[in-house]
>>> print(open('structure05.csv').read())   # CSV, N, CA and C atoms
chain,number,residue,atom,x,y,z
A,1154,MET,N,107.3,124.8,130.2
A,1154,MET,CA,108.7,124.5,129.8
A,1154,MET,C,108.7,123.5,128.7
A,1155,THR,N,107.7,122.7,128.6
A,1155,THR,CA,107.6,121.7,127.5
A,1155,THR,C,107.2,122.4,126.2
A,1156,ASP,N,106.5,123.6,126.3
A,1156,ASP,CA,106.2,124.3,125.1
A,1156,ASP,C,107.4,124.9,124.5
A,1157,ILE,N,108.4,125.3,125.2
A,1157,ILE,CA,109.6,125.8,124.7
A,1157,ILE,C,110.4,124.8,124.0
A,1158,ASP,N,110.5,123.6,124.6
A,1158,ASP,CA,111.2,122.5,124.0
A,1158,ASP,C,110.6,122.1,122.7
A,1159,GLN,N,109.3,122.1,122.6
A,1159,GLN,CA,108.6,121.7,121.4
A,1159,GLN,C,108.9,122.7,120.3
A,1160,ARG,N,109.0,124.0,120.6
A,1160,ARG,CA,109.3,125.0,119.6
A,1160,ARG,C,110.7,124.9,119.0
A,1161,ARG,N,111.6,124.5,119.8
A,1161,ARG,CA,112.9,124.3,119.3
A,1161,ARG,C,113.0,123.2,118.3
A,1162,ASP,N,112.3,122.1,118.6
A,1162,ASP,CA,112.3,121.0,117.7
A,1162,ASP,C,111.4,121.1,116.5
A,1163,ALA,N,110.6,122.1,116.4
A,1163,ALA,CA,109.7,122.3,115.3
A,1163,ALA,C,110.4,122.8,114.1
A,1164,PRO,N,110.0,122.4,112.9
A,1164,PRO,CA,110.7,122.8,111.7
A,1164,PRO,C,110.6,124.3,111.5
A,1165,PRO,N,111.5,124.9,110.8
A,1165,PRO,CA,111.5,126.4,110.7
A,1165,PRO,C,110.3,126.8,109.8
A,1166,THR,N,109.9,128.0,110.1
A,1166,THR,CA,108.7,128.5,109.3
A,1166,THR,C,109.2,128.8,107.9
A,1167,HIS,N,108.2,128.8,107.0
A,1167,HIS,CA,108.5,129.1,105.6
A,1167,HIS,C,108.7,130.6,105.3
A,1168,GLY,N,110.0,130.9,105.2
A,1168,GLY,CA,110.4,132.3,105.0
A,1168,GLY,C,111.4,132.3,103.8
A,1169,PRO,N,112.0,133.4,103.6
A,1169,PRO,CA,113.0,133.4,102.5
A,1169,PRO,C,114.2,132.5,102.9
A,1170,THR,N,114.5,131.6,101.9
A,1170,THR,CA,115.6,130.7,102.1
A,1170,THR,C,116.9,131.4,101.8
A,1171,THR,N,117.9,131.1,102.6
A,1171,THR,CA,119.2,131.7,102.4
A,1171,THR,C,120.1,130.7,101.6
A,1172,SER,N,120.8,131.3,100.7
A,1172,SER,CA,121.8,130.5,99.9
A,1172,SER,C,123.1,131.1,100.0
A,1173,ASN,N,124.1,130.2,100.0
A,1173,ASN,CA,125.4,130.8,100.0
A,1173,ASN,C,125.8,131.3,98.6
A,1174,LEU,N,126.9,132.0,98.5
A,1174,LEU,CA,127.4,132.6,97.3
A,1174,LEU,C,127.7,131.5,96.2
A,1175,ALA,N,128.2,130.4,96.7
A,1175,ALA,CA,128.5,129.3,95.7
A,1175,ALA,C,127.3,128.7,95.1
A,1176,ASP,N,126.2,128.6,95.9
A,1176,ASP,CA,124.9,128.1,95.3
A,1176,ASP,C,124.4,129.0,94.3
A,1177,ILE,N,124.4,130.3,94.6
A,1177,ILE,CA,123.9,131.3,93.7
A,1177,ILE,C,124.7,131.4,92.4
A,1178,LEU,N,126.0,131.3,92.5
A,1178,LEU,CA,126.9,131.3,91.4
A,1178,LEU,C,126.7,130.1,90.5
A,1179,GLU,N,126.6,128.9,91.1
A,1179,GLU,CA,126.3,127.7,90.4
A,1179,GLU,C,125.0,127.8,89.6
A,1180,ARG,N,124.0,128.3,90.2
A,1180,ARG,CA,122.7,128.5,89.5
A,1180,ARG,C,122.8,129.5,88.4
A,1181,VAL,N,123.5,130.6,88.6
A,1181,VAL,CA,123.6,131.6,87.5
A,1181,VAL,C,124.4,131.0,86.3
A,1182,LEU,N,125.5,130.3,86.6
A,1182,LEU,CA,126.3,129.8,85.6
A,1182,LEU,C,125.6,128.6,84.8
A,1183,ASP,N,124.8,127.9,85.6
A,1183,ASP,CA,124.1,126.8,84.9
A,1183,ASP,C,123.0,127.3,84.0
A,1184,LYS,N,122.3,128.3,84.4
A,1184,LYS,CA,121.2,128.8,83.6
A,1184,LYS,C,121.6,130.0,82.7
A,1185,GLY,N,122.5,130.8,83.2
A,1185,GLY,CA,122.9,132.0,82.4
A,1185,GLY,C,122.1,133.1,82.8
A,1186,ILE,N,122.7,134.3,82.7
A,1186,ILE,CA,121.9,135.6,83.0
A,1186,ILE,C,122.4,136.6,81.9
A,1187,VAL,N,121.4,137.4,81.5
A,1187,VAL,CA,121.7,138.4,80.5
A,1187,VAL,C,121.4,139.8,81.1
A,1188,ILE,N,122.3,140.7,81.0
A,1188,ILE,CA,122.1,142.0,81.4
A,1188,ILE,C,122.3,142.9,80.2
A,1189,ALA,N,121.3,143.7,79.9
A,1189,ALA,CA,121.4,144.5,78.7
A,1189,ALA,C,121.0,146.0,79.0
A,1190,GLY,N,121.6,146.9,78.3
A,1190,GLY,CA,121.3,148.3,78.6
A,1190,GLY,C,121.9,149.2,77.5
A,1191,ASP,N,121.3,150.3,77.3
A,1191,ASP,CA,121.7,151.3,76.3
A,1191,ASP,C,122.0,152.6,77.0
A,1192,ILE,N,123.0,153.3,76.5
A,1192,ILE,CA,123.4,154.6,77.0
A,1192,ILE,C,123.3,155.5,75.8
A,1193,LYS,N,122.5,156.6,75.9
A,1193,LYS,CA,122.4,157.5,74.8
A,1193,LYS,C,122.7,158.9,75.3
A,1194,ILE,N,123.5,159.6,74.5
A,1194,ILE,CA,123.8,161.0,74.9
A,1194,ILE,C,123.3,161.9,73.8
A,1195,ASP,N,122.3,162.7,74.1
A,1195,ASP,CA,121.7,163.6,73.1
A,1195,ASP,C,122.0,165.1,73.6
A,1196,LEU,N,122.1,165.9,72.6
A,1196,LEU,CA,122.2,167.4,72.8
A,1196,LEU,C,121.3,168.1,71.8
A,1197,LEU,N,120.3,168.7,72.4
A,1197,LEU,CA,119.3,169.4,71.6
A,1197,LEU,C,118.6,168.5,70.6
A,1198,ASP,N,118.2,167.4,71.0
A,1198,ASP,CA,117.6,166.3,70.2
A,1198,ASP,C,118.4,165.8,69.1
A,1199,ILE,N,119.8,165.9,69.2
A,1199,ILE,CA,120.7,165.4,68.3
A,1199,ILE,C,121.5,164.3,69.0
A,1200,GLU,N,121.4,163.1,68.5
A,1200,GLU,CA,122.1,162.0,69.1
A,1200,GLU,C,123.6,162.1,68.9
A,1201,LEU,N,124.3,162.2,69.9
A,1201,LEU,CA,125.8,162.3,69.8
A,1201,LEU,C,126.5,161.0,70.0
A,1202,LEU,N,126.0,160.1,70.9
A,1202,LEU,CA,126.6,158.9,71.2
A,1202,LEU,C,125.6,157.9,71.7
A,1203,THR,N,125.8,156.7,71.2
A,1203,THR,CA,125.0,155.6,71.7
A,1203,THR,C,125.9,154.4,72.0
A,1204,ILE,N,125.8,153.9,73.2
A,1204,ILE,CA,126.6,152.7,73.6
A,1204,ILE,C,125.6,151.6,74.0
A,1205,ARG,N,125.7,150.5,73.4
A,1205,ARG,CA,124.9,149.3,73.7
A,1205,ARG,C,125.7,148.3,74.5
A,1206,LEU,N,125.2,148.0,75.6
A,1206,LEU,CA,126.0,147.1,76.5
A,1206,LEU,C,125.1,145.8,76.6
A,1207,ARG,N,125.8,144.7,76.4
A,1207,ARG,CA,125.1,143.4,76.6
A,1207,ARG,C,126.1,142.5,77.3
A,1208,LEU,N,125.7,141.9,78.4
A,1208,LEU,CA,126.5,141.1,79.3
A,1208,LEU,C,125.8,139.8,79.4
A,1209,PHE,N,126.5,138.7,79.1
A,1209,PHE,CA,125.9,137.4,79.2
A,1209,PHE,C,126.9,136.6,80.2
A,1210,VAL,N,126.4,136.3,81.3
A,1210,VAL,CA,127.2,135.5,82.3
A,1210,VAL,C,126.7,134.1,82.4
A,1211,ALA,N,127.5,133.2,82.0
A,1211,ALA,CA,127.2,131.8,82.0
A,1211,ALA,C,128.4,130.9,82.0
A,1212,SER,N,128.2,129.7,82.2
A,1212,SER,CA,129.3,128.7,82.1
A,1212,SER,C,129.6,128.5,80.6
A,1213,VAL,N,130.8,127.9,80.3
A,1213,VAL,CA,131.2,127.7,78.9
A,1213,VAL,C,130.1,126.8,78.2
A,1214,GLU,N,129.7,125.7,78.9
A,1214,GLU,CA,128.7,124.8,78.4
A,1214,GLU,C,127.4,125.5,78.0
A,1215,THR,N,126.9,126.3,79.0
A,1215,THR,CA,125.7,127.1,78.7
A,1215,THR,C,125.8,128.0,77.6
A,1216,ALA,N,127.0,128.7,77.5
A,1216,ALA,CA,127.2,129.7,76.4
A,1216,ALA,C,127.2,128.9,75.1
A,1217,ARG,N,127.9,127.8,75.0
A,1217,ARG,CA,127.9,127.0,73.8
A,1217,ARG,C,126.5,126.5,73.4
A,1218,LYS,N,125.7,126.2,74.3
A,1218,LYS,CA,124.3,125.8,74.0
A,1218,LYS,C,123.5,127.0,73.4
A,1219,ALA,N,123.9,128.2,73.9
A,1219,ALA,CA,123.3,129.4,73.4
A,1219,ALA,C,123.9,129.8,72.0
A,1220,GLY,N,124.9,129.1,71.6
A,1220,GLY,CA,125.5,129.4,70.3
A,1220,GLY,C,126.6,130.5,70.4
A,1221,ILE,N,127.1,130.7,71.6
A,1221,ILE,CA,128.1,131.7,71.8
A,1221,ILE,C,129.5,131.0,72.0
A,1222,ASP,N,130.4,131.3,71.1
A,1222,ASP,CA,131.8,130.7,71.2
A,1222,ASP,C,132.8,131.6,70.6
A,1223,TRP,N,132.7,132.9,70.7
A,1223,TRP,CA,133.6,133.8,70.1
A,1223,TRP,C,135.0,133.7,70.7
A,1224,TRP,N,135.1,133.3,71.9
A,1224,TRP,CA,136.5,133.2,72.5
A,1224,TRP,C,137.3,132.1,71.8
A,1225,GLU,N,136.7,131.2,71.1
A,1225,GLU,CA,137.4,130.1,70.5
A,1225,GLU,C,138.0,130.6,69.1
A,1226,THR,N,137.4,131.6,68.6
A,1226,THR,CA,137.9,132.1,67.3
A,1226,THR,C,138.7,133.4,67.4
A,1227,ASP,N,138.8,134.0,68.6
A,1227,ASP,CA,139.5,135.2,68.8
A,1227,ASP,C,141.0,134.9,69.0
A,1228,PRO,N,141.9,135.3,68.1
A,1228,PRO,CA,143.3,135.0,68.3
A,1228,PRO,C,143.9,135.5,69.6
A,1229,ALA,N,143.4,136.6,70.1
A,1229,ALA,CA,143.9,137.1,71.4
A,1229,ALA,C,143.6,136.3,72.6
A,1230,LEU,N,142.6,135.4,72.4
A,1230,LEU,CA,142.1,134.6,73.5
A,1230,LEU,C,142.4,133.1,73.4
A,1231,SER,N,142.7,132.7,72.1
A,1231,SER,CA,142.8,131.3,71.9
A,1231,SER,C,144.1,131.0,71.1
A,1232,SER,N,144.9,130.1,71.6
A,1232,SER,CA,146.1,129.8,70.8
A,1232,SER,C,145.8,129.0,69.6
A,1233,LYS,N,144.8,128.2,69.6
A,1233,LYS,CA,144.3,127.5,68.4
A,1233,LYS,C,143.9,128.5,67.3
A,1234,ALA,N,143.1,129.5,67.7
A,1234,ALA,CA,142.7,130.5,66.8
A,1234,ALA,C,143.9,131.3,66.2
A,1235,ALA,N,144.9,131.5,67.1
A,1235,ALA,CA,146.0,132.3,66.6
A,1235,ALA,C,146.8,131.4,65.6
A,1236,ARG,N,146.9,130.1,65.8
A,1236,ARG,CA,147.6,129.3,64.9
A,1236,ARG,C,146.8,129.2,63.6
A,1237,ASN,N,145.5,129.1,63.6
A,1237,ASN,CA,144.7,129.1,62.4
A,1237,ASN,C,144.8,130.4,61.7
A,1238,GLU,N,144.9,131.5,62.4
A,1238,GLU,CA,145.0,132.8,61.7
A,1238,GLU,C,146.4,132.9,61.0
A,1239,LEU,N,147.4,132.4,61.6
A,1239,LEU,CA,148.8,132.4,61.0
A,1239,LEU,C,148.8,131.5,59.8
A,1240,ARG,N,148.1,130.3,59.9
A,1240,ARG,CA,148.1,129.4,58.8
A,1240,ARG,C,147.3,130.0,57.6
A,1241,ASP,N,146.2,130.7,57.9
A,1241,ASP,CA,145.5,131.4,56.8
A,1241,ASP,C,146.3,132.5,56.2
A,1242,GLU,N,147.0,133.2,57.0
A,1242,GLU,CA,147.8,134.3,56.5
A,1242,GLU,C,149.0,133.8,55.6
A,1243,ASN,N,149.6,132.7,56.1
A,1243,ASN,CA,150.6,132.1,55.3
A,1243,ASN,C,150.1,131.5,53.9
A,1244,ARG,N,148.9,131.0,54.0
A,1244,ARG,CA,148.3,130.5,52.7
A,1244,ARG,C,148.0,131.6,51.7
A,1245,ARG,N,147.5,132.7,52.3
A,1245,ARG,CA,147.2,133.9,51.4
A,1245,ARG,C,148.5,134.4,50.8
A,1246,LEU,N,149.5,134.5,51.6
A,1246,LEU,CA,150.8,135.0,51.2
A,1246,LEU,C,151.4,134.1,50.1
A,1247,ARG,N,151.3,132.8,50.3
A,1247,ARG,CA,151.9,131.9,49.3
A,1247,ARG,C,151.1,132.0,48.0
A,1248,GLU,N,149.8,132.2,48.1
A,1248,GLU,CA,149.0,132.4,46.8
A,1248,GLU,C,149.4,133.7,46.1
A,1249,ARG,N,149.7,134.7,46.9
A,1249,ARG,CA,150.1,136.0,46.2
A,1249,ARG,C,151.5,135.9,45.6
A,1250,VAL,N,152.4,135.2,46.3
A,1250,VAL,CA,153.7,135.0,45.7
A,1250,VAL,C,153.6,134.1,44.4
A,1251,GLU,N,152.8,133.1,44.4
A,1251,GLU,CA,152.6,132.3,43.2
A,1251,GLU,C,152.0,133.1,42.1
A,1252,ALA,N,151.1,133.9,42.4
A,1252,ALA,CA,150.4,134.8,41.4
A,1252,ALA,C,151.5,135.7,40.8
A,1253,LEU,N,152.3,136.3,41.7
A,1253,LEU,CA,153.3,137.3,41.2
A,1253,LEU,C,154.4,136.6,40.4
A,1254,GLU,N,154.8,135.4,40.8
A,1254,GLU,CA,155.8,134.6,40.1
A,1254,GLU,C,155.2,134.2,38.7
A,1255,SER,N,154.0,133.8,38.7
A,1255,SER,CA,153.4,133.3,37.4
A,1255,SER,C,153.2,134.5,36.5
A,1256,ALA,N,152.9,135.7,37.0
A,1256,ALA,CA,152.7,136.9,36.2
A,1256,ALA,C,154.1,137.3,35.7
A,1257,GLU,N,155.1,137.2,36.5
A,1257,GLU,CA,156.5,137.6,36.2
A,1257,GLU,C,157.0,136.6,35.1
A,1258,ASP,N,156.7,135.3,35.2
A,1258,ASP,CA,157.1,134.3,34.2
A,1258,ASP,C,156.4,134.6,32.9
A,1259,GLY,N,155.1,135.0,33.0
A,1259,GLY,CA,154.4,135.4,31.8
A,1259,GLY,C,155.0,136.6,31.1
A,1260,ASP,N,155.4,137.6,31.8
A,1260,ASP,CA,156.0,138.8,31.3
A,1260,ASP,C,157.3,138.5,30.6
A,1261,ALA,N,158.1,137.6,31.3
A,1261,ALA,CA,159.4,137.3,30.8
A,1261,ALA,C,159.3,136.5,29.5
A,1262,SER,N,158.3,135.6,29.4
A,1262,SER,CA,158.2,134.8,28.2
A,1262,SER,C,157.7,135.6,27.1
A,1263,SER,N,156.8,136.6,27.4
A,1263,SER,CA,156.3,137.4,26.3
A,1263,SER,C,157.4,138.4,25.8
A,1264,GLU,N,158.3,138.8,26.7
A,1264,GLU,CA,159.4,139.7,26.3
A,1264,GLU,C,160.4,138.9,25.5
A,1265,SER,N,160.7,137.7,25.8
A,1265,SER,CA,161.6,136.9,25.1
A,1265,SER,C,161.1,136.5,23.7
A,1266,SER,N,159.8,136.3,23.6
A,1266,SER,CA,159.2,135.9,22.3
A,1266,SER,C,159.1,137.2,21.4
A,1267,SER,N,158.9,138.3,22.0
A,1267,SER,CA,158.9,139.6,21.2
A,1267,SER,C,160.3,139.9,20.8
A,1268,SER,N,161.3,139.7,21.6
A,1268,SER,CA,162.7,139.9,21.2
A,1268,SER,C,163.1,138.9,20.1
A,1269,ARG,N,162.6,137.7,20.2
A,1269,ARG,CA,162.9,136.7,19.1
A,1269,ARG,C,162.3,137.2,17.8
A,1270,THR,N,161.1,137.7,17.8
A,1270,THR,CA,160.5,138.1,16.6
A,1270,THR,C,161.3,139.3,16.0
A,1271,LYS,N,161.8,140.2,16.9
A,1271,LYS,CA,162.5,141.3,16.4
A,1271,LYS,C,163.8,140.8,15.8
A,1272,ASP,N,164.5,139.9,16.5
A,1272,ASP,CA,165.7,139.3,16.0
A,1272,ASP,C,165.6,138.7,14.6
A,1273,THR,N,164.5,137.9,14.5
A,1273,THR,CA,164.3,137.2,13.2
A,1273,THR,C,163.9,138.2,12.1
A,1274,ALA,N,163.2,139.3,12.5
A,1274,ALA,CA,162.8,140.3,11.5
A,1274,ALA,C,164.0,141.1,11.1
A,1275,GLY,N,164.9,141.3,12.0
A,1275,GLY,CA,166.1,142.1,11.7
A,1275,GLY,C,167.1,141.2,10.9
A,1276,ALA,N,167.1,139.9,11.1
A,1276,ALA,CA,168.0,139.0,10.4
A,1276,ALA,C,167.6,138.8,8.9
A,1277,GLY,N,166.3,139.0,8.7
A,1277,GLY,CA,165.7,138.8,7.3
A,1277,GLY,C,166.0,139.9,6.4
A,1278,THR,N,166.4,141.1,7.0
A,1278,THR,CA,166.6,142.3,6.1
A,1278,THR,C,168.0,142.4,5.7
>>> encode(input="structure05.csv", output="structure tokens")
Amino acid sequence: MTDIDQRRDAPPTHGPTTSNLADILERVLDKGIVIAGDIKIDLLDIELLTIRLRLFVASVETARKAGIDWWETDPALSSKAARNELRDENRRLRERVEALESAEDGDASSESSSSRTKDTAGAGT
């Protein structure tokens, strides 16, 4: 009977350790995991379609360390990026309007100077 009591108090044997889902998720997000794969569809040795899949699962901090921050510049995902895109579009439109107005002013001044020369030429005769 003492043998049984000693076995219960003995430390567990070294076997596979179990982790709960939170521990596994924390480890994956901390280190990151990459899943990559290619799908090719060929017909009679003619490649019809190739799909390349890349999946990177990580925390935001880990992704930034890896140089991945596309969600910060995608207007569909970031309000800051959407504001920046609108600001850039407004700047480009203002530049186009200024260019058109300056071209229009240049055309108007050249027309008025040519009409002046016609008027002075007609007055001299």
>>> atom_distance(input="structure05.csv", atom1="atom CA of Ile1204 of chain A", atom2="atom CA of Ala1229 of chain A")
23.4 Å
>>> atom_distance(input="structure05.csv", atom1="atom N of Glu1214 of chain A", atom2="atom CA of Ile1177 of chain A")
16.9 Å
>>> atom_distance(input="structure05.csv", atom1="atom CA of Asp1183 of chain A", atom2="atom N of Ser1212 of chain A")
5.7 Å
>>> residues_around(input="structure05.csv", residues="segment 1186-1188 of chain A", least_positions_apart="4", cutoff="6 Å", atoms="only N, CA and C atoms", output="PyMOL selection string")
chain A and resi 1181+1206-1211
>>> select_by_dssp(input="structure05.csv", residues="segment 1170-1228 of chain A", states="strand (DSSP E or B)", output="NGL selection string")
:A and (1186-1196 or 1199-1210)
>>> select_by_dssp(input="structure05.csv", residues="segment 1206-1247 of chain A", states="alpha helix (DSSP H)", output="PyMOL selection string")
chain A and resi 1213-1218+1223-1226+1232-1247
>>> decode(input="structure05.csv", residues="segment 1181-1193 of chain A", atoms="N, CA, C and O atoms", output="JSON list (two decimals), in the first residue's frame")
[["chain", "number", "residue", "atom", "x", "y", "z"],
["A", 1181, "VAL", "N", 2.30, 31.14, -31.34],
["A", 1181, "VAL", "CA", 2.24, 31.37, -32.79],
["A", 1181, "VAL", "C", 2.28, 32.86, -33.10],
["A", 1181, "VAL", "O", 3.02, 33.31, -33.98],
["A", 1182, "LEU", "N", 1.49, 33.64, -32.37],
["A", 1182, "LEU", "CA", 1.45, 35.08, -32.64],
["A", 1182, "LEU", "C", 2.77, 35.75, -32.27],
["A", 1182, "LEU", "O", 3.19, 36.71, -32.90],
["A", 1183, "ASP", "N", 3.43, 35.24, -31.24],
["A", 1183, "ASP", "CA", 4.70, 35.83, -30.82],
["A", 1183, "ASP", "C", 5.80, 35.54, -31.84],
["A", 1183, "ASP", "O", 6.59, 36.43, -32.18],
["A", 1184, "LYS", "N", 5.85, 34.35, -32.35],
["A", 1184, "LYS", "CA", 6.91, 33.96, -33.30],
["A", 1184, "LYS", "C", 6.49, 34.15, -34.75],
["A", 1184, "LYS", "O", 7.30, 34.45, -35.60],
["A", 1185, "GLY", "N", 5.22, 33.94, -35.04],
["A", 1185, "GLY", "CA", 4.74, 34.00, -36.41],
["A", 1185, "GLY", "C", 4.84, 32.64, -37.06],
["A", 1185, "GLY", "O", 5.65, 31.81, -36.70],
["A", 1186, "ILE", "N", 3.98, 32.43, -38.04],
["A", 1186, "ILE", "CA", 4.01, 31.17, -38.79],
["A", 1186, "ILE", "C", 3.68, 31.50, -40.25],
["A", 1186, "ILE", "O", 2.85, 32.35, -40.53],
["A", 1187, "VAL", "N", 4.37, 30.85, -41.15],
["A", 1187, "VAL", "CA", 4.16, 31.07, -42.58],
["A", 1187, "VAL", "C", 3.66, 29.78, -43.20],
["A", 1187, "VAL", "O", 4.23, 28.72, -42.97],
["A", 1188, "ILE", "N", 2.59, 29.90, -43.95],
["A", 1188, "ILE", "CA", 2.06, 28.77, -44.69],
["A", 1188, "ILE", "C", 2.08, 29.18, -46.16],
["A", 1188, "ILE", "O", 1.54, 30.22, -46.53],
["A", 1189, "ALA", "N", 2.74, 28.40, -46.99],
["A", 1189, "ALA", "CA", 2.87, 28.75, -48.41],
["A", 1189, "ALA", "C", 2.47, 27.56, -49.25],
["A", 1189, "ALA", "O", 2.66, 26.41, -48.87],
["A", 1190, "GLY", "N", 1.90, 27.87, -50.41],
["A", 1190, "GLY", "CA", 1.52, 26.80, -51.31],
["A", 1190, "GLY", "C", 1.21, 27.33, -52.69],
["A", 1190, "GLY", "O", 0.88, 28.49, -52.87],
["A", 1191, "ASP", "N", 1.36, 26.49, -53.67],
["A", 1191, "ASP", "CA", 1.06, 26.83, -55.06],
["A", 1191, "ASP", "C", 0.03, 25.85, -55.60],
["A", 1191, "ASP", "O", 0.09, 24.66, -55.31],
["A", 1192, "ILE", "N", -0.89, 26.36, -56.37],
["A", 1192, "ILE", "CA", -1.87, 25.52, -57.06],
["A", 1192, "ILE", "C", -1.70, 25.77, -58.55],
["A", 1192, "ILE", "O", -1.76, 26.92, -59.00],
["A", 1193, "LYS", "N", -1.44, 24.72, -59.29],
["A", 1193, "LYS", "CA", -1.27, 24.84, -60.74],
["A", 1193, "LYS", "C", -2.27, 23.94, -61.44],
["A", 1193, "LYS", "O", -2.45, 22.79, -61.05]]
